[in-house]
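Here is run.cif, consisting of mmCIF, C-alpha atoms:
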data_start
loop_
_atom_site.label_atom_id
_atom_site.label_comp_id
_atom_site.auth_asym_id
_atom_site.auth_seq_id
_atom_site.Cartn_x
_atom_site.Cartn_y
_atom_site.Cartn_z
CA MET A 1 31.17 6.58 13.27
CA SER A 2 29.53 3.99 11.04
CA ARG A 3 27.43 5.36 8.22
CA ARG A 4 24.69 3.99 6.06
CA THR A 5 23.82 5.25 2.60
CA PRO A 6 22.52 8.74 3.44
CA ARG A 7 19.20 10.10 2.41
CA GLY A 8 17.93 12.68 -0.02
CA LEU A 9 17.44 13.02 -3.80
CA ASN A 10 17.24 15.97 -6.17
CA ALA A 11 16.28 15.95 -9.85
CA ALA A 12 14.41 18.02 -12.44
CA ALA A 13 11.04 19.34 -11.29
CA THR A 14 7.58 18.86 -12.68
CA ALA A 15 4.56 20.84 -11.66
CA THR A 16 1.91 19.32 -9.45
CA ALA A 17 -1.47 20.97 -8.99
CA THR A 18 -2.73 21.14 -5.43
CA ALA A 19 -6.44 21.17 -4.74
CA ALA A 20 -7.78 24.15 -2.83
CA LEU A 21 -8.34 23.45 0.84
CA THR A 22 -11.14 24.52 3.09
CA LEU A 23 -9.26 25.56 6.19
CA VAL A 24 -10.39 25.57 9.78
CA ALA A 25 -8.90 26.85 13.01
CA LEU A 26 -5.75 28.41 11.59
CA THR A 27 -3.18 29.68 14.07
CA GLY A 28 0.18 31.40 13.86
CA PRO A 29 3.60 29.81 13.42
CA ALA A 30 5.56 27.72 15.85
CA SER A 31 5.03 30.00 18.81
CA ALA A 32 1.58 28.41 19.18
CA SER A 33 1.27 26.52 22.45
CA ALA A 34 2.10 22.90 23.18
CA SER A 35 2.26 21.07 26.47
CA GLY A 36 5.53 21.85 28.15
CA SER A 37 5.51 25.38 26.76
CA GLY A 38 4.10 26.96 29.91
CA SER A 39 0.65 27.60 28.48
CA ALA A 40 -2.26 25.30 27.66
CA PRO A 41 -2.80 23.98 24.13
CA ALA A 42 -5.44 25.73 22.03
CA ALA A 43 -8.58 23.83 23.08
CA ALA A 44 -10.30 24.26 19.71
CA LEU A 45 -7.60 22.39 17.81
CA PRO A 46 -7.07 18.61 17.62
CA GLN A 47 -4.21 17.48 19.84
CA ALA A 48 -1.55 14.92 18.99
CA ARG A 49 1.14 12.94 20.77
CA ILE A 50 4.51 13.60 19.15
CA PHE A 51 8.20 13.38 19.96
CA MET A 52 9.93 16.55 21.13
CA VAL A 53 12.13 16.55 18.00
CA ASN A 54 13.46 13.07 18.81
CA PRO A 55 13.84 10.91 21.94
CA VAL A 56 17.64 10.99 22.05
CA GLN A 57 17.75 14.75 21.77
CA SER A 58 15.12 15.40 24.43
CA SER A 59 16.40 12.78 26.89
CA GLY A 60 20.14 12.79 26.25
CA ASP A 61 20.01 8.99 26.51
CA GLN A 62 22.36 7.55 23.90
CA THR A 63 21.44 3.97 24.86
CA LEU A 64 17.94 4.16 23.39
CA ALA A 65 17.36 1.57 20.66
CA ASP A 66 14.57 0.78 18.25
CA ALA A 67 13.71 -2.69 19.64
CA LYS A 68 11.50 -3.41 16.63
CA ASP A 69 9.18 -0.44 17.19
CA ALA A 70 8.45 -1.47 20.77
CA ALA A 71 6.50 1.17 22.68
CA GLY A 72 8.53 0.49 25.82
CA ALA A 73 11.84 1.23 24.10
CA VAL A 74 11.22 4.96 24.49
CA PRO A 75 10.27 6.60 27.80
CA ALA A 76 6.95 8.38 28.14
CA SER A 77 8.87 11.57 28.89
CA ALA A 78 10.05 11.70 25.26
CA TYR A 79 6.50 12.47 24.13
CA THR A 80 4.51 15.65 24.40
CA THR A 81 1.08 16.79 23.30
CA ALA A 82 0.81 19.52 20.68
CA ALA A 83 -1.90 21.08 18.54
CA LEU A 84 -2.35 19.93 14.96
CA ARG A 85 -2.61 23.29 13.25
CA ASN A 86 -3.87 24.30 9.80
CA LEU A 87 -5.96 21.16 9.23
CA ASP A 88 -8.73 21.29 6.64
CA ALA A 89 -12.23 19.95 7.22
CA SER A 90 -11.61 16.47 5.77
CA GLY A 91 -11.13 14.69 9.11
CA ARG A 92 -7.74 13.44 7.88
CA LEU A 93 -4.16 14.59 8.21
CA SER A 94 -4.63 17.12 5.46
CA GLY A 95 -4.14 20.83 5.69
CA ARG A 96 -2.73 24.07 4.42
CA TRP A 97 0.95 23.10 4.46
CA ALA A 98 0.97 19.28 4.58
CA TYR A 99 -1.08 16.21 3.84
CA VAL A 100 -0.53 12.48 4.15
CA ARG A 101 -1.11 11.16 0.65
CA SER A 102 -0.77 7.47 1.55
CA ASP A 103 0.45 5.27 4.38
CA THR A 104 0.69 1.74 5.70
CA GLY A 105 -2.09 0.39 7.85
CA ALA A 106 -5.10 2.49 8.74
CA SER A 107 -4.91 6.23 8.17
CA ALA A 108 -4.51 8.32 11.30
CA LYS A 109 -7.44 10.38 12.47
CA PRO A 110 -6.76 13.77 14.05
CA ALA A 111 -9.46 13.02 16.62
CA ASP A 112 -7.44 9.99 17.82
CA ALA A 113 -3.98 11.49 17.55
CA THR A 114 -3.28 11.63 21.28
CA ALA A 115 -3.67 7.83 21.50
CA TYR A 116 -0.88 6.81 19.11
CA ASN A 117 2.65 5.87 20.12
CA ARG A 118 5.66 4.67 18.16
CA THR A 119 4.39 1.11 17.89
CA ASP A 120 1.46 2.40 15.80
CA ASP A 121 1.84 3.13 12.09
CA GLN A 122 -0.35 6.16 12.65
CA PHE A 123 2.24 7.77 14.92
CA GLU A 124 4.63 8.38 12.01
CA GLN A 125 1.77 9.87 10.00
CA VAL A 126 1.07 12.34 12.78
CA MET A 127 4.77 13.15 13.16
CA ALA A 128 5.13 13.85 9.45
CA TYR A 129 2.09 16.13 9.37
CA PHE A 130 3.10 18.04 12.49
CA TRP A 131 6.74 18.60 11.53
CA VAL A 132 6.16 19.52 7.87
CA ASN A 133 3.58 22.03 9.07
CA GLU A 134 6.03 23.24 11.73
CA ALA A 135 8.78 23.74 9.14
CA GLN A 136 6.58 25.81 6.84
CA GLU A 137 5.28 27.83 9.78
CA TYR A 138 8.90 28.56 10.67
CA LEU A 139 9.52 29.87 7.16
CA GLN A 140 6.30 31.86 7.28
CA GLY A 141 7.48 33.37 10.57
CA LEU A 142 10.64 34.55 8.80
CA GLY A 143 8.47 36.45 6.31
CA PHE A 144 8.50 33.96 3.43
CA GLY A 145 5.09 34.14 1.81
CA THR A 146 4.41 37.70 3.01
CA GLU A 147 7.21 40.28 2.75
CA LEU A 148 9.46 37.76 0.96
CA PRO A 149 8.55 35.23 -1.74
CA GLY A 150 6.95 32.02 -0.56
CA ALA A 151 9.28 29.05 -0.09
CA ASN A 152 7.26 25.89 -0.81
CA ASP A 153 4.16 27.58 0.61
CA ARG A 154 1.77 24.87 -0.54
CA ALA A 155 0.34 21.65 0.84
CA GLN A 156 3.30 19.23 0.80
CA PRO A 157 2.29 15.61 0.10
CA VAL A 158 4.01 12.86 2.07
CA ARG A 159 3.90 9.07 1.93
CA ILE A 160 4.61 7.21 5.16
CA ASN A 161 6.35 3.82 5.60
CA GLN A 162 5.66 2.79 2.00
CA TRP A 163 9.32 2.77 1.04
CA GLY A 164 10.69 -0.56 2.18
CA ALA A 165 14.26 0.61 2.74
CA ASP A 166 15.77 2.49 5.67
CA ASN A 167 15.95 5.71 3.67
CA SER A 168 13.75 8.66 2.74
CA PHE A 169 13.72 11.01 -0.20
CA PHE A 170 12.04 13.89 -1.98
CA SER A 171 10.84 13.05 -5.48
CA ASP A 172 10.47 15.88 -7.96
CA LYS A 173 8.22 13.79 -10.24
CA LYS A 174 5.27 14.13 -7.90
CA THR A 175 6.88 16.79 -5.67
CA GLU A 176 6.28 14.46 -2.74
CA ILE A 177 8.33 13.16 0.19
CA ARG A 178 8.53 9.43 0.90
CA PHE A 179 9.60 8.23 4.32
CA GLY A 180 11.08 4.77 4.70
CA LYS A 181 11.12 2.22 7.47
CA GLY A 182 13.60 -0.17 8.99
CA GLY A 183 15.58 0.38 12.14
CA VAL A 184 14.03 3.52 13.58
CA ASP A 185 11.24 4.35 11.14
CA ASP A 186 12.37 7.56 9.49
CA ALA A 187 9.28 9.62 10.29
CA GLU A 188 9.87 9.07 14.02
CA ASP A 189 12.68 11.62 13.90
CA ALA A 190 11.67 15.23 13.26
CA GLU A 191 15.10 16.05 11.88
CA VAL A 192 14.74 13.41 9.15
CA ILE A 193 11.32 14.82 8.30
CA VAL A 194 12.55 18.40 8.07
CA HIS A 195 15.71 17.41 6.17
CA GLU A 196 13.56 15.98 3.40
CA TYR A 197 11.33 19.02 3.54
CA GLY A 198 14.45 21.09 2.89
CA HIS A 199 14.77 19.38 -0.50
CA ALA A 200 11.16 20.27 -1.26
CA VAL A 201 11.87 23.91 -0.35
CA HIS A 202 14.93 24.04 -2.62
CA ASN A 203 13.02 22.48 -5.50
CA ALA A 204 10.14 24.94 -5.08
CA GLN A 205 12.58 27.86 -5.10
CA VAL A 206 14.66 26.57 -8.04
CA PRO A 207 12.92 23.83 -10.07
CA GLY A 208 15.36 21.02 -10.78
CA PHE A 209 17.82 22.17 -8.16
CA GLY A 210 20.78 19.85 -7.63
CA THR A 211 21.90 18.93 -11.13
CA SER A 212 25.63 19.30 -10.37
CA PRO A 213 27.62 17.62 -7.60
CA GLU A 214 28.20 20.89 -5.75
CA ALA A 215 24.56 21.91 -6.05
CA GLY A 216 23.58 18.46 -4.75
CA ALA A 217 25.89 18.95 -1.78
CA ILE A 218 24.32 22.36 -1.08
CA GLY A 219 20.91 20.69 -1.11
CA GLU A 220 21.96 18.08 1.44
CA ALA A 221 23.59 20.74 3.59
CA PHE A 222 20.52 22.95 3.60
CA GLY A 223 18.33 19.98 4.55
CA ASP A 224 20.58 19.20 7.51
CA TYR A 225 20.78 22.85 8.56
CA LEU A 226 17.01 23.42 8.28
CA ALA A 227 16.37 20.26 10.32
CA VAL A 228 18.56 21.53 13.16
CA GLU A 229 17.13 25.04 12.95
CA VAL A 230 13.44 24.07 12.99
CA GLY A 231 14.06 21.67 15.88
CA ALA A 232 15.93 24.34 17.86
CA HIS A 233 13.16 26.87 17.23
CA ALA A 234 10.52 24.40 18.38
CA ASP A 235 12.49 23.60 21.54
CA ALA A 236 12.62 27.30 22.39
CA ALA A 237 9.02 28.03 21.44
CA TYR A 238 7.55 25.12 23.37
CA GLY A 239 10.00 24.96 26.25
CA TRP A 240 11.15 21.45 25.37
CA PRO A 241 14.41 20.08 26.78
CA ARG A 242 17.41 19.58 24.52
CA ARG A 243 20.00 17.30 26.08
CA ALA A 244 22.05 16.35 23.02
CA ASP A 245 24.38 18.31 20.78
CA LEU A 246 22.55 20.90 18.67
CA ALA A 247 24.86 20.38 15.68
CA CYS A 248 24.13 16.65 15.49
CA VAL A 249 21.51 15.72 12.89
CA ALA A 250 18.96 12.91 13.42
CA ASP A 251 20.23 11.51 16.72
CA TRP A 252 17.34 9.05 17.04
CA ASP A 253 17.23 7.75 13.49
CA ALA A 254 21.00 7.28 13.62
CA ALA A 255 20.75 5.08 16.72
CA SER A 256 20.22 2.08 14.44
CA TYR A 257 23.38 2.53 12.36
CA SER A 258 25.94 4.63 14.25
CA ASP A 259 27.99 4.47 17.39
CA ALA A 260 27.14 6.71 20.32
CA PRO A 261 26.87 9.65 20.38
CA HIS A 262 24.54 9.02 17.47
CA CYS A 263 24.52 11.39 14.46
CA LEU A 264 23.54 11.00 10.84
CA ARG A 265 25.83 13.96 10.12
CA ARG A 266 27.04 17.11 11.84
CA ILE A 267 26.83 20.75 10.80
CA ASP A 268 29.83 21.96 12.83
CA GLY A 269 32.64 19.99 11.19
CA ASN A 270 35.97 21.35 9.99
CA LYS A 271 35.91 20.35 6.33
CA VAL A 272 37.02 22.88 3.72
CA TYR A 273 36.63 23.05 -0.05
CA ALA A 274 39.84 21.07 -0.59
CA ASP A 275 38.15 18.14 1.20
CA LEU A 276 35.58 17.65 -1.58
CA GLU A 277 35.26 13.96 -2.39
CA GLY A 278 32.37 13.89 -4.87
CA GLU A 279 29.71 12.45 -2.55
CA VAL A 280 26.95 14.98 -1.94
CA HIS A 281 26.22 14.15 1.70
CA ALA A 282 29.86 14.18 2.73
CA ASP A 283 30.58 17.34 0.74
CA GLY A 284 27.48 18.97 2.15
CA GLU A 285 29.21 19.13 5.52
CA ILE A 286 31.40 21.91 4.10
CA TRP A 287 28.39 24.06 3.21
CA SER A 288 26.35 23.29 6.33
CA ARG A 289 29.25 24.42 8.55
CA ALA A 290 29.24 27.75 6.71
CA LEU A 291 25.50 28.11 7.30
CA PHE A 292 25.93 27.25 10.97
CA ASP A 293 28.68 29.87 11.30
CA ILE A 294 26.43 32.49 9.68
CA ARG A 295 23.73 31.61 12.22
CA ASN A 296 26.15 31.92 15.11
CA ALA A 297 27.41 35.28 13.83
CA LEU A 298 24.08 36.94 12.99
CA GLY A 299 21.49 35.07 15.06
CA ALA A 300 19.05 32.52 13.74
CA ARG A 301 16.36 34.83 12.37
CA THR A 302 18.63 37.17 10.42
CA ALA A 303 20.80 34.31 9.17
CA ASP A 304 17.87 32.22 8.00
CA ARG A 305 16.19 35.09 6.19
CA ILE A 306 19.43 35.63 4.28
CA ILE A 307 20.15 31.94 3.67
CA VAL A 308 16.69 31.05 2.37
CA ASN A 309 16.21 34.26 0.39
CA ALA A 310 19.56 33.81 -1.34
CA GLN A 311 18.50 30.39 -2.62
CA PHE A 312 15.98 31.98 -5.01
CA GLY A 313 19.02 33.24 -6.93
CA PHE A 314 20.80 29.89 -7.24
CA ALA A 315 21.00 28.05 -10.55
CA PRO A 316 19.97 24.37 -10.66
CA ASP A 317 23.63 23.44 -11.20
CA THR A 318 25.17 26.15 -9.01
CA SER A 319 28.71 25.87 -7.71
CA PHE A 320 29.83 26.55 -4.15
CA LYS A 321 31.49 29.74 -5.43
CA ASP A 322 28.41 31.14 -7.17
CA ALA A 323 26.05 30.18 -4.34
CA ALA A 324 28.37 31.74 -1.76
CA LEU A 325 28.68 34.99 -3.71
CA THR A 326 24.89 35.11 -4.15
CA THR A 327 24.44 34.65 -0.41
CA VAL A 328 26.94 37.44 0.36
CA SER A 329 25.17 39.83 -2.02
CA THR A 330 21.79 38.90 -0.52
CA ALA A 331 23.10 39.72 2.95
CA GLN A 332 24.38 43.08 1.68
CA ARG A 333 21.04 43.92 0.08
CA MET A 334 18.95 42.86 3.08
CA TYR A 335 21.05 43.96 6.05
CA GLY A 336 24.08 45.91 4.88
CA ALA A 337 27.83 45.65 5.01
CA ASN A 338 28.26 44.14 8.47
CA ALA A 339 25.97 41.21 7.65
CA ALA A 340 27.65 40.71 4.30
CA ASP A 341 31.05 40.65 6.00
CA ALA A 342 29.87 37.97 8.44
CA VAL A 343 28.53 35.82 5.60
CA ARG A 344 31.69 36.31 3.59
CA ALA A 345 33.83 35.31 6.57
CA ALA A 346 31.87 32.07 7.00
CA PHE A 347 32.49 31.03 3.41
CA LYS A 348 36.13 32.16 3.48
CA ALA A 349 36.67 29.93 6.52
CA ARG A 350 35.53 26.99 4.36
CA GLN A 351 38.01 28.15 1.71
CA ILE A 352 35.33 28.49 -0.96
CA PRO A 353 37.11 29.66 -4.16
CA GLY A 354 36.45 33.20 -5.28
CA VAL A 355 35.14 34.45 -1.92
CA GLU A 356 37.37 37.38 -0.99
#

Go ahead and express the file in the form of structure tokens.
Amino acid sequence: MSRRTPRGLNAAATATATAALTLVALTGPASASASGSGSAPAAALPQARIFMVNPVQSSGDQTLADAKDAAGAVPASAYTTAALRNLDASGRLSGRWAYVRSDTGASAKPADATAYNRTDDQFEQVMAYFWVNEAQEYLQGLGFGTELPGANDRAQPVRINQWGADNSFFSDKKTEIRFGKGGVDDAEDAEVIVHEYGHAVHNAQVPGFGTSPEAGAIGEAFGDYLAVEVGAHADAAYGWPRRADLACVADWDAASYSDAPHCLRRIDGNKVYADLEGEVHADGEIWSRALFDIRNALGARTADRIIVNAQFGFAPDTSFKDAALTTVSTAQRMYGANAADAVRAAFKARQIPGVE
């Protein structure tokens, strides 16, 4: 499979103050209704047209291509209508868990959000708001911010299509996410959006996370894993179809630079610790496979509560060994010996040193 330079940055953190928001029409996490879910959208909330994760995943059509942002390049069946939750009273894409700080073209208006499609700059703005909000609602639904510490439980700023390269990244300097354009514009694919949000979560949990090569690889792996997990949860919650491989990350974005079946990366590969090559995205496939195995052993909810909670105990320059041992001990503390054994087995299968 051809690969471009993968996405995602980590560096030392700086604090950013977030203005208090006046919130309206708040609803619960991702179980809230969307068209296709079997129940009507909440009428009081603004509605938006979005992709059901991404067009390749929902359609299974590996022949889809960007065609220079042409609306007709993607079938109407790839879209759905969903509520824009947790908006404030500003009349913009600004709310409790996400806000669009800047963008190209005219700013999207929530009142018009059902009219946009992928040929409109505003569509990517809506996608970024919806999916960042969705990701934080998923974490909230796991108990982060209530019974467990909050994990980036703030309004996450995003910039849309203002990075001229086909890449996206989280910047610690302003604790913001920037989505690029070129090929498939990055914010058209929910898994790209949530991957970058994963970096923001890590940085909020451990300021400056990713200062060693192995910590950087863990950051990339968690971004990939969270992207798959939030998409899978949304599919189940809303009743959306999934016709592509769950373990494939960013099927739609990857259509512009990979052979079919399109994947930016996978989280079910067979790499082990001895396969480390010093490139964080490639090495992250070792860690993401361990996370995926933990999910398959314990179920998504239990696994994700352990995985995310363990990250509060990581050092900015953590090694695979130390992070794995912290995750095992977190499983033991939260759920007991059987859960700890399952987590340990996942890391042992990746041949992480010191995991016995």

Inset, instruction - Quick one: everything within 8 Å of segment 212-228 of chain A, counting only C-alpha atoms, minus sequence neighbours fewer than 4 positions away in the same chain. Send it as a ChimeraX atom specification. - result: /A:8,10,190-199,202,232,246-249,265,267,278-288,291-292,316-320

The PyMOL selection byres ((chain A and resi 328-342) around 8) on the file shown: which residues, as a list in words?
->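 So the PyMOL selection byres ((chain A and resi 328-342) around 8) ends up selecting Ile294, Ala297, Leu298, Ile306, Asn309, Ala310, Ala324, Leu325, Thr326, Thr327, Val343, Arg344, Ala345 and Ala346 of chain A.
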
Saved selection, atoms kept: C-alpha atoms, as a tab-separated table (two decimals), keeping the file's coordinate frame:
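Written file, out.tsv:
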chain	number	residue	atom	x	y	z
A	294	ILE	CA	26.43	32.49	9.68
A	297	ALA	CA	27.41	35.28	13.83
A	298	LEU	CA	24.08	36.94	12.99
A	306	ILE	CA	19.43	35.63	4.28
A	309	ASN	CA	16.21	34.26	0.39
A	310	ALA	CA	19.56	33.81	-1.34
A	324	ALA	CA	28.37	31.74	-1.76
A	325	LEU	CA	28.68	34.99	-3.71
A	326	THR	CA	24.89	35.11	-4.15
A	327	THR	CA	24.44	34.65	-0.41
A	343	VAL	CA	28.53	35.82	5.60
A	344	ARG	CA	31.69	36.31	3.59
A	345	ALA	CA	33.83	35.31	6.57
A	346	ALA	CA	31.87	32.07	7.00

- Message: Evaluate the PyMOL selection byres ((chain A and resi 94) around 12) against this structure - the residues, as a ChimeraX atom specification, please.
- Response: /A:18-24,84-93,95-102,107-110,125-126,128-130,132-133,154-158

The residue from A:Ile160, A:Ala250, A:Ala115, A:Ala200 with the smallest atom-to-atom distance to Glu176 of chain A, counting all atoms listed in the file, is A:Ala200

* **Of the listed residues A:Ala290, A:Leu139, A:Ala315, A:Ala300, that which approaches Phe209 of chain A most closely, counting all atoms listed in the file** =>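 Looking only at the distances to Phe209 of chain A, the closest residue turns out to be A:Ala315.
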
**OP:** Considering all atoms listed in the file, return as a ChimeraX atom specification whatever protein or nucleic-acid residues lie within 10 Å of Asp235 of chain A, sequence-local ones (same chain, fewer than 2 positions apart) excluded.
**Re:** /A:30,36-37,52-53,58,229-233,237-242
